[in-house]
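See below for input.cif, which holds mmCIF, C-alpha atoms.
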data_start
#
loop_
_atom_site.label_atom_id
_atom_site.label_comp_id
_atom_site.auth_asym_id
_atom_site.auth_seq_id
_atom_site.Cartn_x
_atom_site.Cartn_y
_atom_site.Cartn_z
CA MET T 985 -35.17 -109.38 -121.49
CA PRO T 986 -37.25 -106.67 -119.85
CA THR T 987 -40.09 -105.17 -121.81
CA SER T 988 -39.29 -102.12 -123.88
CA LEU T 989 -39.92 -98.63 -122.57
CA GLN T 990 -43.44 -97.26 -122.52
CA TYR T 991 -42.42 -94.00 -124.17
CA PRO T 992 -40.35 -93.16 -127.25
CA PHE T 993 -36.84 -91.87 -126.66
CA SER T 994 -35.04 -89.59 -129.06
CA ARG T 995 -31.38 -89.94 -130.00
CA ARG T 996 -31.56 -86.31 -131.02
CA THR T 997 -32.42 -85.30 -127.44
CA LEU T 998 -29.14 -86.69 -126.14
CA LEU T 999 -27.22 -85.25 -129.05
CA ARG T 1000 -28.67 -81.80 -128.39
CA GLY T 1001 -28.10 -82.06 -124.66
CA ILE T 1002 -24.48 -83.04 -124.98
CA GLY T 1003 -23.71 -80.50 -127.66
CA VAL T 1004 -21.24 -82.82 -129.44
CA SER T 1005 -21.58 -85.21 -132.37
CA MET T 1006 -22.38 -88.35 -130.40
CA ALA T 1007 -25.62 -90.28 -130.78
CA LEU T 1008 -27.13 -92.81 -128.42
CA PRO T 1009 -25.95 -96.27 -129.59
CA TRP T 1010 -28.40 -98.75 -131.02
CA LEU T 1011 -30.10 -100.65 -128.19
CA GLU T 1012 -32.06 -103.79 -128.91
CA SER T 1013 -34.55 -103.22 -126.10
CA LEU T 1014 -35.11 -99.52 -126.65
CA PRO T 1015 -37.41 -98.27 -129.43
CA VAL T 1016 -35.88 -95.01 -130.60
CA TRP T 1017 -37.63 -92.37 -132.70
CA GLY T 1018 -36.60 -89.01 -134.11
CA ASP T 1019 -33.19 -89.96 -135.42
CA GLU T 1020 -32.99 -86.99 -137.79
CA THR T 1021 -29.91 -84.83 -137.62
CA ALA T 1022 -30.27 -81.48 -135.95
CA LYS T 1023 -31.22 -78.62 -138.27
CA HIS T 1024 -28.52 -76.28 -137.07
CA SER T 1025 -24.91 -77.02 -136.31
CA SER T 1026 -23.57 -75.95 -132.94
CA SER T 1027 -20.99 -73.95 -134.89
CA GLN T 1028 -23.68 -71.46 -135.97
CA PRO T 1029 -23.82 -68.19 -133.99
CA PRO T 1030 -27.07 -67.64 -132.07
CA VAL T 1031 -29.69 -65.07 -133.07
CA ARG T 1032 -29.70 -62.02 -130.78
CA LEU T 1033 -32.59 -59.67 -130.12
CA ALA T 1034 -32.33 -55.98 -129.22
CA CYS T 1035 -35.30 -53.64 -128.73
CA LEU T 1036 -34.42 -49.94 -128.81
CA PHE T 1037 -36.92 -47.24 -127.90
CA SER T 1038 -37.18 -43.47 -127.80
CA GLY T 1039 -40.31 -41.67 -126.67
CA ASN T 1040 -42.64 -39.02 -128.08
CA GLY T 1041 -42.40 -39.90 -131.76
CA PHE T 1042 -40.67 -37.99 -134.54
CA HIS T 1043 -40.87 -35.04 -136.93
CA SER T 1044 -44.15 -35.42 -138.84
CA LYS T 1045 -42.66 -34.85 -142.29
CA GLU T 1046 -39.26 -36.55 -141.99
CA TRP T 1047 -39.95 -40.17 -140.97
CA TRP T 1048 -40.17 -41.95 -144.33
CA ALA T 1049 -38.38 -44.28 -146.69
CA LYS T 1050 -38.67 -45.17 -150.36
CA GLY T 1051 -36.83 -47.40 -152.78
CA ALA T 1052 -34.90 -50.56 -151.96
CA GLY T 1053 -31.36 -51.76 -151.30
CA ARG T 1054 -28.62 -49.31 -152.21
CA GLN T 1055 -31.17 -47.05 -153.85
CA MET T 1056 -33.27 -46.72 -150.69
CA GLU T 1057 -33.86 -43.10 -149.69
CA LEU T 1058 -34.56 -42.11 -146.08
CA GLY T 1059 -36.17 -39.05 -144.54
CA LYS T 1060 -34.01 -36.66 -142.57
CA VAL T 1061 -34.83 -38.33 -139.24
CA LEU T 1062 -33.40 -41.62 -140.48
CA GLU T 1063 -30.39 -40.23 -142.36
CA PRO T 1064 -27.90 -41.63 -139.80
CA LEU T 1065 -28.97 -45.11 -140.96
CA LEU T 1066 -28.16 -44.50 -144.66
CA PRO T 1067 -24.88 -46.51 -144.51
CA LEU T 1068 -26.94 -49.47 -143.25
CA ARG T 1069 -29.88 -49.23 -145.66
CA GLU T 1070 -29.14 -52.63 -147.23
CA LYS T 1071 -29.45 -54.23 -143.79
CA LEU T 1072 -32.58 -52.31 -142.86
CA LEU T 1073 -36.28 -53.14 -142.95
CA PHE T 1074 -38.65 -50.15 -142.86
CA LEU T 1075 -42.13 -51.15 -141.69
CA ARG T 1076 -44.99 -48.74 -142.29
CA GLY T 1077 -48.58 -48.92 -141.05
CA LEU T 1078 -48.25 -51.26 -138.06
CA TYR T 1079 -50.24 -50.26 -135.00
CA ASN T 1080 -51.14 -51.34 -131.48
CA ALA T 1081 -54.92 -51.54 -131.09
CA GLU T 1082 -54.93 -51.41 -127.28
CA ALA T 1083 -52.84 -48.23 -127.34
CA LEU T 1084 -55.61 -46.33 -129.17
CA ILE T 1085 -57.89 -46.39 -126.12
CA GLY T 1086 -56.49 -43.66 -123.89
CA GLY T 1087 -54.80 -41.29 -126.30
CA ILE T 1088 -52.16 -40.35 -123.70
CA HIS T 1089 -48.50 -41.22 -123.33
CA SER T 1090 -48.81 -43.85 -120.61
CA CYS T 1091 -51.50 -45.71 -122.57
CA GLN T 1092 -49.27 -45.85 -125.63
CA THR T 1093 -46.01 -47.14 -124.14
CA GLY T 1094 -46.72 -49.69 -121.42
CA ASN T 1095 -48.09 -52.19 -123.92
CA LEU T 1096 -45.78 -51.41 -126.85
CA LEU T 1097 -44.03 -54.81 -126.63
CA THR T 1098 -46.98 -56.68 -125.10
CA GLY T 1099 -50.08 -55.70 -127.09
CA ALA T 1100 -52.05 -56.11 -123.85
CA HIS T 1101 -54.83 -54.05 -122.35
CA LEU T 1102 -53.52 -51.66 -119.67
CA SER T 1103 -55.25 -51.41 -116.31
CA SER T 1104 -56.01 -47.98 -114.86
CA GLY T 1105 -57.32 -46.63 -111.57
CA GLY T 1106 -54.07 -47.18 -109.70
CA GLU T 1107 -53.67 -50.81 -110.77
CA VAL T 1108 -50.64 -51.67 -112.90
CA ARG T 1109 -51.14 -54.51 -115.39
CA SER T 1110 -49.90 -55.00 -118.93
CA GLY T 1111 -48.59 -58.34 -120.25
CA THR T 1112 -45.31 -60.20 -120.61
CA SER T 1113 -43.33 -58.36 -123.28
CA MET T 1114 -41.92 -60.02 -126.36
CA ASP T 1115 -38.29 -59.56 -125.27
CA GLN T 1116 -38.97 -61.25 -121.95
CA VAL T 1117 -40.74 -64.17 -123.62
CA VAL T 1118 -37.44 -64.79 -125.39
CA ALA T 1119 -35.39 -64.17 -122.23
CA GLN T 1120 -37.44 -66.64 -120.18
CA ARG T 1121 -36.86 -69.34 -122.81
CA MET T 1122 -33.11 -68.68 -122.70
CA ILE T 1123 -32.61 -69.05 -118.96
CA GLY T 1124 -29.52 -71.19 -118.42
CA GLN T 1125 -28.12 -70.65 -121.92
CA THR T 1126 -26.31 -67.42 -121.05
CA LYS T 1127 -25.18 -65.79 -117.85
CA ALA T 1128 -27.90 -63.12 -117.97
CA PRO T 1129 -31.29 -63.96 -119.53
CA SER T 1130 -31.65 -60.35 -120.65
CA LEU T 1131 -30.22 -56.87 -120.28
CA VAL T 1132 -32.73 -54.06 -119.71
CA LEU T 1133 -31.16 -50.61 -119.86
CA GLY T 1134 -32.43 -47.05 -119.68
CA CYS T 1135 -31.10 -43.51 -119.81
CA GLU T 1136 -33.83 -41.74 -117.83
CA GLN T 1137 -35.28 -42.49 -114.41
CA SER T 1138 -38.80 -43.90 -114.12
CA ILE T 1139 -41.66 -41.48 -113.57
CA ALA T 1140 -43.56 -41.96 -110.31
CA ALA T 1141 -46.90 -40.29 -110.97
CA LEU T 1142 -50.41 -40.72 -112.34
CA HIS T 1143 -51.63 -39.19 -115.59
CA LYS T 1144 -55.37 -39.21 -116.29
CA ASN T 1145 -55.83 -42.21 -113.99
CA TYR T 1146 -52.99 -44.23 -115.56
CA SER T 1147 -49.70 -44.96 -113.81
CA MET T 1148 -46.70 -43.29 -115.40
CA ILE T 1149 -44.85 -46.56 -114.86
CA TYR T 1150 -46.31 -47.36 -118.26
CA SER T 1151 -44.46 -44.40 -119.77
CA SER T 1152 -41.20 -45.54 -118.19
CA HIS T 1153 -41.12 -49.24 -119.11
CA ILE T 1154 -41.44 -51.24 -122.32
CA SER T 1155 -40.06 -54.52 -120.93
CA TRP T 1156 -42.34 -56.58 -118.68
CA SER T 1157 -41.31 -59.82 -116.95
CA SER T 1158 -44.96 -60.57 -116.13
CA PRO T 1159 -48.25 -58.69 -116.59
CA THR T 1160 -47.77 -56.96 -113.22
CA THR T 1161 -43.97 -56.66 -113.19
CA PRO T 1162 -42.06 -54.17 -115.31
CA THR T 1163 -38.55 -55.55 -115.74
CA PRO T 1164 -36.13 -53.63 -113.48
CA LEU T 1165 -34.49 -50.89 -115.50
CA GLU T 1166 -30.75 -50.29 -115.07
CA ILE T 1167 -29.85 -46.66 -115.71
CA TYR T 1168 -26.39 -46.73 -114.08
CA PRO T 1169 -23.72 -47.80 -116.60
CA ALA T 1170 -21.35 -49.09 -113.90
CA LEU T 1171 -24.05 -51.30 -112.37
CA ALA T 1172 -25.05 -52.61 -115.79
CA PHE T 1173 -21.41 -53.49 -116.43
CA ASP T 1174 -21.11 -55.18 -113.03
CA ARG T 1175 -24.23 -57.23 -113.60
CA LEU T 1176 -22.76 -58.63 -116.76
CA PHE T 1177 -19.14 -59.18 -115.76
CA ARG T 1178 -18.46 -58.99 -112.04
CA ASP T 1179 -19.83 -62.29 -110.70
CA GLU T 1180 -18.75 -65.77 -111.82
CA VAL T 1181 -20.39 -67.43 -114.80
CA GLY T 1182 -22.11 -70.77 -114.14
CA ARG T 1183 -20.57 -73.87 -115.72
CA ALA T 1184 -23.24 -74.48 -118.33
CA ASP T 1185 -21.33 -77.12 -120.33
CA LYS T 1186 -20.62 -79.17 -117.23
CA SER T 1187 -24.23 -79.11 -116.01
CA VAL T 1188 -25.52 -80.13 -119.45
CA LEU T 1189 -23.20 -83.14 -119.53
CA ASP T 1190 -24.18 -84.10 -116.00
CA SER T 1191 -27.87 -84.01 -116.89
CA VAL T 1192 -27.30 -86.22 -119.92
CA LEU T 1193 -25.32 -88.71 -117.87
CA ALA T 1194 -28.09 -88.83 -115.27
CA GLU T 1195 -30.70 -89.46 -117.97
CA ALA T 1196 -28.61 -92.18 -119.57
CA THR T 1197 -27.94 -93.85 -116.22
CA GLY T 1198 -31.67 -93.99 -115.57
CA LEU T 1199 -32.14 -96.06 -118.71
CA ARG T 1200 -29.82 -98.78 -117.43
CA THR T 1201 -32.41 -100.39 -115.20
CA ARG T 1202 -34.89 -100.74 -118.07
CA ILE T 1203 -32.81 -102.43 -120.76
CA SER T 1204 -31.27 -105.85 -121.40
CA GLN T 1205 -27.86 -106.97 -120.09
CA SER T 1206 -26.28 -106.72 -123.53
CA ASP T 1207 -27.73 -103.21 -123.86
CA GLN T 1208 -26.34 -102.35 -120.45
CA ARG T 1209 -22.87 -103.21 -121.71
CA ARG T 1210 -23.45 -101.01 -124.75
CA LEU T 1211 -24.66 -98.21 -122.51
CA ASP T 1212 -21.66 -98.57 -120.18
CA GLU T 1213 -19.38 -98.16 -123.17
CA TYR T 1214 -21.42 -95.12 -124.18
CA LEU T 1215 -21.16 -93.57 -120.71
CA SER T 1216 -17.41 -94.12 -120.73
CA SER T 1217 -17.18 -92.31 -124.04
CA VAL T 1218 -19.28 -89.43 -122.65
CA ARG T 1219 -16.93 -89.15 -119.67
CA GLU T 1220 -14.00 -89.07 -122.07
CA VAL T 1221 -15.67 -86.30 -124.09
CA GLU T 1222 -16.34 -84.41 -120.86
CA GLN T 1223 -12.65 -84.56 -119.96
CA ARG T 1224 -11.66 -83.47 -123.46
CA ILE T 1225 -14.06 -80.51 -123.33
CA ASP T 1226 -12.70 -79.52 -119.95
CA GLN T 1227 -9.13 -79.65 -121.23
CA ALA T 1228 -10.04 -77.86 -124.47
CA GLY T 1229 -11.60 -75.10 -122.40
CA LYS T 1230 -8.35 -74.66 -120.51
CA ASP T 1231 -6.42 -74.62 -123.78
CA ARG T 1232 -9.02 -72.35 -125.41
CA ARG T 1233 -9.54 -74.85 -128.24
CA LEU T 1234 -13.30 -75.44 -127.99
CA GLN T 1235 -14.89 -76.39 -131.31
CA GLY T 1236 -17.89 -74.67 -132.84
CA TRP T 1237 -19.10 -71.10 -132.38
CA ARG T 1238 -17.49 -68.98 -129.71
CA PRO T 1239 -18.11 -65.36 -128.76
CA THR T 1240 -15.77 -62.88 -130.39
CA LEU T 1241 -14.75 -61.62 -126.94
CA ALA T 1242 -13.94 -63.67 -123.85
CA LYS T 1243 -13.88 -60.66 -121.52
CA PRO T 1244 -14.77 -56.96 -121.65
CA ASP T 1245 -12.61 -54.80 -123.91
CA MET T 1246 -13.72 -51.57 -122.26
CA PRO T 1247 -13.04 -50.34 -118.71
CA ARG T 1248 -15.73 -50.35 -116.06
CA PRO T 1249 -17.68 -47.07 -116.29
CA PRO T 1250 -17.42 -44.71 -113.32
CA ASP T 1251 -20.09 -44.83 -110.64
CA GLY T 1252 -23.18 -42.67 -110.91
CA ILE T 1253 -25.02 -41.34 -113.94
CA PRO T 1254 -23.00 -39.36 -116.49
CA GLN T 1255 -23.88 -35.69 -116.49
CA ASP T 1256 -23.98 -35.52 -120.29
CA ILE T 1257 -26.82 -37.42 -121.96
CA ASP T 1258 -24.73 -38.20 -125.04
CA GLN T 1259 -22.08 -39.88 -122.87
CA HIS T 1260 -24.76 -41.76 -120.96
CA MET T 1261 -26.38 -43.14 -124.12
CA ARG T 1262 -23.05 -44.03 -125.69
CA LEU T 1263 -21.97 -45.99 -122.59
CA MET T 1264 -25.21 -47.93 -122.57
CA ALA T 1265 -24.84 -48.64 -126.28
CA ASP T 1266 -21.30 -49.94 -125.75
CA ILE T 1267 -22.44 -52.18 -122.89
CA LEU T 1268 -25.25 -53.62 -125.01
CA VAL T 1269 -22.88 -54.52 -127.86
CA LEU T 1270 -20.33 -55.88 -125.39
CA ALA T 1271 -22.97 -58.11 -123.82
CA PHE T 1272 -23.74 -59.65 -127.23
CA ARG T 1273 -20.07 -60.00 -128.19
CA THR T 1274 -19.24 -61.90 -125.01
CA ASP T 1275 -22.48 -63.93 -125.24
CA THR T 1276 -23.34 -62.77 -121.72
CA THR T 1277 -26.89 -62.33 -122.96
CA ARG T 1278 -28.72 -62.66 -126.27
CA VAL T 1279 -31.64 -60.36 -125.38
CA ALA T 1280 -31.32 -56.65 -124.66
CA THR T 1281 -33.67 -53.70 -124.34
CA LEU T 1282 -32.47 -50.11 -124.34
CA LYS T 1283 -34.93 -47.33 -123.55
CA LEU T 1284 -33.12 -44.16 -124.59
CA ASN T 1285 -35.70 -42.01 -122.81
CA ASN T 1286 -39.21 -42.15 -121.40
CA ASP T 1287 -42.38 -41.36 -123.17
CA HIS T 1288 -43.43 -37.97 -121.71
CA SER T 1289 -39.68 -37.41 -121.29
CA SER T 1290 -38.09 -34.56 -119.34
CA LEU T 1291 -34.65 -34.87 -120.94
CA ARG T 1292 -32.87 -31.80 -122.25
CA PHE T 1293 -30.02 -31.78 -124.75
CA PRO T 1294 -27.31 -29.24 -123.96
CA ASN T 1295 -24.95 -31.25 -126.19
CA LEU T 1296 -27.16 -30.15 -129.10
CA LYS T 1297 -27.72 -26.66 -127.67
CA VAL T 1298 -31.35 -27.64 -127.22
CA ASP T 1299 -31.75 -27.25 -123.47
CA TYR T 1300 -34.41 -24.54 -123.36
CA MET T 1301 -37.29 -27.05 -123.45
CA ILE T 1302 -37.83 -30.63 -122.27
CA HIS T 1303 -38.19 -33.40 -124.82
CA HIS T 1304 -41.93 -33.87 -124.31
CA LEU T 1305 -42.79 -30.24 -124.98
CA LEU T 1306 -40.37 -30.03 -127.89
CA SER T 1307 -42.13 -33.02 -129.49
CA HIS T 1308 -45.24 -30.93 -130.12
CA SER T 1309 -43.40 -28.89 -132.75
CA ASP T 1310 -41.82 -29.60 -136.11
CA SER T 1311 -38.93 -27.23 -135.50
CA ALA T 1312 -35.36 -27.62 -136.67
CA ASP T 1313 -34.40 -28.38 -133.07
CA TRP T 1314 -36.94 -31.19 -132.90
CA LEU T 1315 -35.42 -32.70 -136.03
CA LYS T 1316 -31.95 -32.32 -134.51
CA VAL T 1317 -33.05 -34.25 -131.41
CA ASN T 1318 -34.69 -36.94 -133.56
CA GLN T 1319 -31.45 -37.44 -135.48
CA PHE T 1320 -29.51 -37.63 -132.23
CA PHE T 1321 -31.60 -40.60 -131.12
CA VAL T 1322 -31.26 -42.33 -134.48
CA GLN T 1323 -27.50 -41.75 -134.29
CA GLN T 1324 -27.44 -43.96 -131.17
CA VAL T 1325 -29.25 -46.71 -133.10
CA ALA T 1326 -26.82 -46.34 -136.00
CA TYR T 1327 -23.86 -46.47 -133.61
CA ILE T 1328 -25.06 -49.76 -132.11
CA ALA T 1329 -25.81 -51.29 -135.50
CA GLN T 1330 -22.50 -50.19 -137.02
CA LYS T 1331 -20.51 -51.56 -134.08
CA MET T 1332 -22.35 -54.86 -134.42
CA ASP T 1333 -21.74 -54.89 -138.17
CA GLN T 1334 -17.99 -54.57 -137.60
CA VAL T 1335 -17.90 -57.84 -135.64
CA GLN T 1336 -17.35 -60.77 -137.99
CA GLU T 1337 -18.98 -64.09 -137.09
CA GLY T 1338 -18.09 -66.56 -139.82
CA ASP T 1339 -19.70 -65.54 -143.11
CA ARG T 1340 -21.90 -62.95 -141.40
CA THR T 1341 -21.56 -60.16 -138.88
CA LEU T 1342 -23.01 -59.82 -135.41
CA LEU T 1343 -25.62 -57.47 -136.90
CA ASP T 1344 -26.50 -60.04 -139.56
CA ASN T 1345 -27.03 -62.58 -136.79
CA SER T 1346 -29.35 -60.26 -134.87
CA MET T 1347 -32.69 -58.47 -134.96
CA VAL T 1348 -32.37 -54.86 -133.81
CA LEU T 1349 -35.84 -53.34 -133.48
CA TYR T 1350 -36.17 -49.56 -133.12
CA LEU T 1351 -39.52 -47.97 -132.45
CA SER T 1352 -41.46 -45.31 -130.60
CA SER T 1353 -44.91 -45.31 -129.06
CA MET T 1354 -46.30 -42.77 -131.55
CA LEU T 1355 -45.47 -41.64 -135.06
CA THR T 1356 -45.45 -37.92 -134.25
CA GLY T 1357 -45.33 -35.84 -131.10
CA ASN T 1358 -49.06 -35.03 -131.29
CA HIS T 1359 -49.87 -38.55 -130.02
CA ASP T 1360 -50.58 -40.00 -133.47
CA ASN T 1361 -50.38 -43.76 -133.02
CA GLN T 1362 -52.73 -44.83 -135.80
CA GLN T 1363 -49.47 -46.18 -137.18
CA LEU T 1364 -46.15 -46.61 -135.40
CA PRO T 1365 -42.60 -45.79 -136.51
CA VAL T 1366 -40.78 -49.12 -136.83
CA VAL T 1367 -37.35 -49.98 -138.24
CA MET T 1368 -35.52 -53.29 -137.96
CA LEU T 1369 -31.84 -53.93 -138.69
CA GLY T 1370 -30.20 -57.33 -139.15
CA SER T 1371 -31.42 -60.50 -140.78
CA ALA T 1372 -31.66 -62.97 -137.86
CA GLY T 1373 -28.90 -65.12 -139.31
CA GLY T 1374 -30.10 -64.79 -142.89
CA GLN T 1375 -33.75 -65.52 -142.14
CA ILE T 1376 -35.00 -62.02 -143.01
CA GLN T 1377 -34.57 -60.27 -146.35
CA THR T 1378 -33.47 -56.72 -145.63
CA GLY T 1379 -33.09 -53.59 -147.76
CA ARG T 1380 -36.88 -53.43 -148.12
CA ILE T 1381 -39.90 -51.33 -147.26
CA LEU T 1382 -43.01 -53.17 -146.09
CA ASN T 1383 -46.21 -51.11 -146.13
CA TYR T 1384 -49.15 -52.51 -144.16
CA LEU T 1385 -51.42 -49.48 -144.38
CA GLY T 1386 -54.86 -50.60 -145.47
CA LYS T 1387 -54.07 -54.29 -144.98
CA PRO T 1388 -56.18 -56.46 -142.66
CA ASN T 1389 -53.20 -57.74 -140.69
CA ARG T 1390 -51.17 -54.82 -139.45
CA ARG T 1391 -50.87 -55.49 -135.73
CA MET T 1392 -47.53 -55.00 -134.01
CA CYS T 1393 -48.00 -58.34 -132.29
CA SER T 1394 -48.08 -60.02 -135.71
CA LEU T 1395 -44.54 -58.71 -136.18
CA TYR T 1396 -43.59 -60.09 -132.77
CA LEU T 1397 -44.94 -63.54 -133.64
CA SER T 1398 -42.76 -63.49 -136.77
CA MET T 1399 -39.72 -62.35 -134.78
CA LEU T 1400 -40.26 -65.02 -132.14
CA ASP T 1401 -40.21 -67.63 -134.90
CA LYS T 1402 -36.70 -66.50 -135.84
CA VAL T 1403 -35.38 -67.39 -132.38
CA GLY T 1404 -37.13 -70.76 -132.37
CA ILE T 1405 -40.16 -69.79 -130.28
CA HIS T 1406 -43.35 -70.74 -132.12
CA LEU T 1407 -46.51 -69.45 -130.42
CA ASP T 1408 -50.11 -69.75 -131.59
CA GLU T 1409 -50.80 -66.21 -130.42
CA PHE T 1410 -49.14 -63.28 -128.73
CA GLY T 1411 -50.81 -60.19 -127.33
CA ASP T 1412 -53.71 -59.33 -129.62
CA SER T 1413 -52.61 -61.34 -132.66
CA LYS T 1414 -52.88 -64.91 -133.94
CA GLU T 1415 -51.32 -64.10 -137.32
CA ARG T 1416 -47.80 -63.56 -138.52
CA LEU T 1417 -46.49 -61.05 -141.04
CA GLY T 1418 -45.83 -63.33 -143.99
CA GLU T 1419 -43.20 -61.05 -145.51
CA ILE T 1420 -40.93 -61.17 -142.44
#

Output the file's structure in the form of structure tokens.
Amino acid sequence: MPTSLQYPFSRRTLLRGIGVSMALPWLESLPVWGDETAKHSSSQPPVRLACLFSGNGFHSKEWWAKGAGRQMELGKVLEPLLPLREKLLFLRGLYNAEALIGGIHSCQTGNLLTGAHLSSGGEVRSGTSMDQVVAQRMIGQTKAPSLVLGCEQSIAALHKNYSMIYSSHISWSSPTTPTPLEIYPALAFDRLFRDEVGRADKSVLDSVLAEATGLRTRISQSDQRRLDEYLSSVREVEQRIDQAGKDRRLQGWRPTLAKPDMPRPPDGIPQDIDQHMRLMADILVLAFRTDTTRVATLKLNNDHSSLRFPNLKVDYMIHHLLSHSDSADWLKVNQFFVQQVAYIAQKMDQVQEGDRTLLDNSMVLYLSSMLTGNHDNQQLPVVMLGSAGGQIQTGRILNYLGKPNRRMCSLYLSMLDKVGIHLDEFGDSKERLGEI
């Protein structure tokens, strides 16, 4: 009998790779470790992550929350989220230390999801953003690793020696690469649904079969017979999965939609900003419902934005200039942005996934790069909706003002944990927020 393998082999690895309830059979010449059952059943919906952003902060007196659960009260900016208050987490006092350096828009946005130091002098460097850390770990699990959407074109300029690329991007695929931003609804739709999806189940089974075949040369003859029987059973399962797919009888969790339930948007950019934002919101929810991606970023506008809002009869001044007031029109624009967040969350909450909803199985983060339009980023406006599949207790207010650990990147470390990514540090933090 050949000597046993020089490394431990896990039954659980094969089980996870196959995605069915079939363990590696006992083999006399193979020491096997890690025979625990998997923590999560394949029938459980995945956790999705959405990061939503609007620039230039909010009305200085109307971004607040108090109370808890059904009794939670929200300031006028956040009133569109009142129906969702039991599924909401209001986080006060978090800040981004590196964003305090420049005191200008571009210094406050380009590292919002990275916590990294921003280069100036014509060089563009931030860090890999939290959403893209998740996306890069999910490559191969969904058709698109992530969806990065916007409703305003990038700004090509310098401001006080900093590139305005920082004001235009919150998602970064690498420290020197802002993730390409799709602002055309039709192209975003095409990216998700026009080309053919790869056969993920088939490739997973093939990789398991290849791994199991490699073991054959290193085990005894009696074990080889056992393994041959095992491989035959895997082939049988493969055929059953293939047939079940044709019959639409696959077991376990499945997306609530198999194909888009909305028509392809027309080419170009909608003339009306409210239509533009609503289309992007619909595409984001559709991407989650069809499991085309589990990571999405939607930048409703730039920091230092030039958008106007004729739909609100507020088209006499661009967004950036309007942000330096606390007028009734500024509040109206604030509420318009929060209405887009509420629309996304409510659509997700209407999709039932077992005992929970799509929103329950997600983390929807909404934030801006400053609390108010006068560049105040000593604390940031942060709201999260959804419980990451029951992992987060919602209907709460968490106040970190005056606490030693109030870094945004501490929140990101906690959020990464909820999608199974456990890092020792991220950005400028090595601590988690214990209450998340």

Residue list as a compact mmCIF listing (two decimals) with C-alpha atoms, in the coordinates of the input for point (-43.1, -54.2, -125.7), cut-off 8 Å, all atoms listed in the file:
# COMPACT_ATOMS: atom_id res chain seq x y z
CA THR T 1093 -46.01 -47.14 -124.14
CA GLY T 1094 -46.72 -49.69 -121.42
CA ASN T 1095 -48.09 -52.19 -123.92
CA LEU T 1096 -45.78 -51.41 -126.85
CA LEU T 1097 -44.03 -54.81 -126.63
CA THR T 1098 -46.98 -56.68 -125.10
CA GLY T 1099 -50.08 -55.70 -127.09
CA SER T 1113 -43.33 -58.36 -123.28
CA MET T 1114 -41.92 -60.02 -126.36
CA ASP T 1115 -38.29 -59.56 -125.27
CA ILE T 1154 -41.44 -51.24 -122.32
CA SER T 1155 -40.06 -54.52 -120.93
CA TRP T 1156 -42.34 -56.58 -118.68

Query raised in the report: Which value, in Å to one decimal, gives the distance between atom CA of Leu1165 of chain T and atom CA of Trp1047 of chain T?
Result: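 Straight-line distance from atom CA of Leu1165 of chain T to atom CA of Trp1047 of chain T works out to 28.2 Å.
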
Query raised in the report: What is the distance, in Å and to one decimal place, between atom CA of Gly1404 of chain T and atom CA of Arg1391 of chain T?
Result: 20.8 Å

Requested in this report: Could you tell me how far atom CA of His1308 of chain T lies from atom CA of Ser1038 of chain T, in Å and to one decimal?
Outcome: 15.1 Å

**Report entry** Nearest candidate to Tyr1327 of chain T (options T:Leu1306, T:Met1122, T:Ile1253, T:Ala1265; using all atoms listed in the file)
**Finding:**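 Checking each of T:Leu1306, T:Met1122, T:Ile1253, T:Ala1265 against Tyr1327 of chain T, counting all atoms listed in the file, the winner is T:Ala1265.
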
Requested in this report: Kindly provide, as number ranges by chain, the polymer residues lying within 10 Å of (-32.1, -43.4, -132.4), counting all atoms listed in the file and using the coordinates exactly as they appear in the file.
Outcome: T: 1036-1038, 1061-1062, 1064-1065, 1284, 1317-1328, 1350-1352

Requested in this report: Would you please work out which residue, of T:Leu1084, T:Leu1058, T:Leu1033, T:Ala1242, is nearest to Met1347 of chain T when using all atoms listed in the file?
Outcome: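 Looking at the shortest contact to Met1347 of chain T, the residue is T:Leu1033.
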
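Between Gln1028 of chain T and the candidates T:Pro1239, T:Ala1312, T:Leu1385, T:Gln1125, the tightest atom-to-atom separation, counting only C-alpha atoms, involves T:Pro1239.
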
Query raised in the report: So which one's closest to Cys1393 of chain T, T:Glu1409, T:Asp1266, T:Glu1107, T:Asp1339? Using all atoms listed in the file, please.
Result: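 Ranking T:Glu1409, T:Asp1266, T:Glu1107, T:Asp1339 by distance to Cys1393 of chain T, first place goes to T:Glu1409.
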
What are the closest atom pairs, with distances in Å to one decimal, for all residues of segment 1069-1114 of chain T lying within 6 Å of segment 1358-1379 of chain T? Consider all atoms listed in the file, order rows by chain and residue number, and present the result as a tab-separated table.
residue	atom	partner	partner_atom	distance
T:Arg1069	CA	T:Gly1379	CA	5.8
T:Glu1070	CA	T:Gly1379	CA	4.1
T:Lys1071	CA	T:Thr1378	CA	5.1
T:Leu1072	CA	T:Leu1369	CA	4.5
T:Leu1073	CA	T:Met1368	CA	5.0
T:Phe1074	CA	T:Val1367	CA	4.8
T:Leu1075	CA	T:Val1366	CA	5.4
T:Gly1077	CA	T:Gln1363	CA	4.8
T:Leu1078	CA	T:Gln1363	CA	5.3
T:Tyr1079	CA	T:Gln1363	CA	4.7
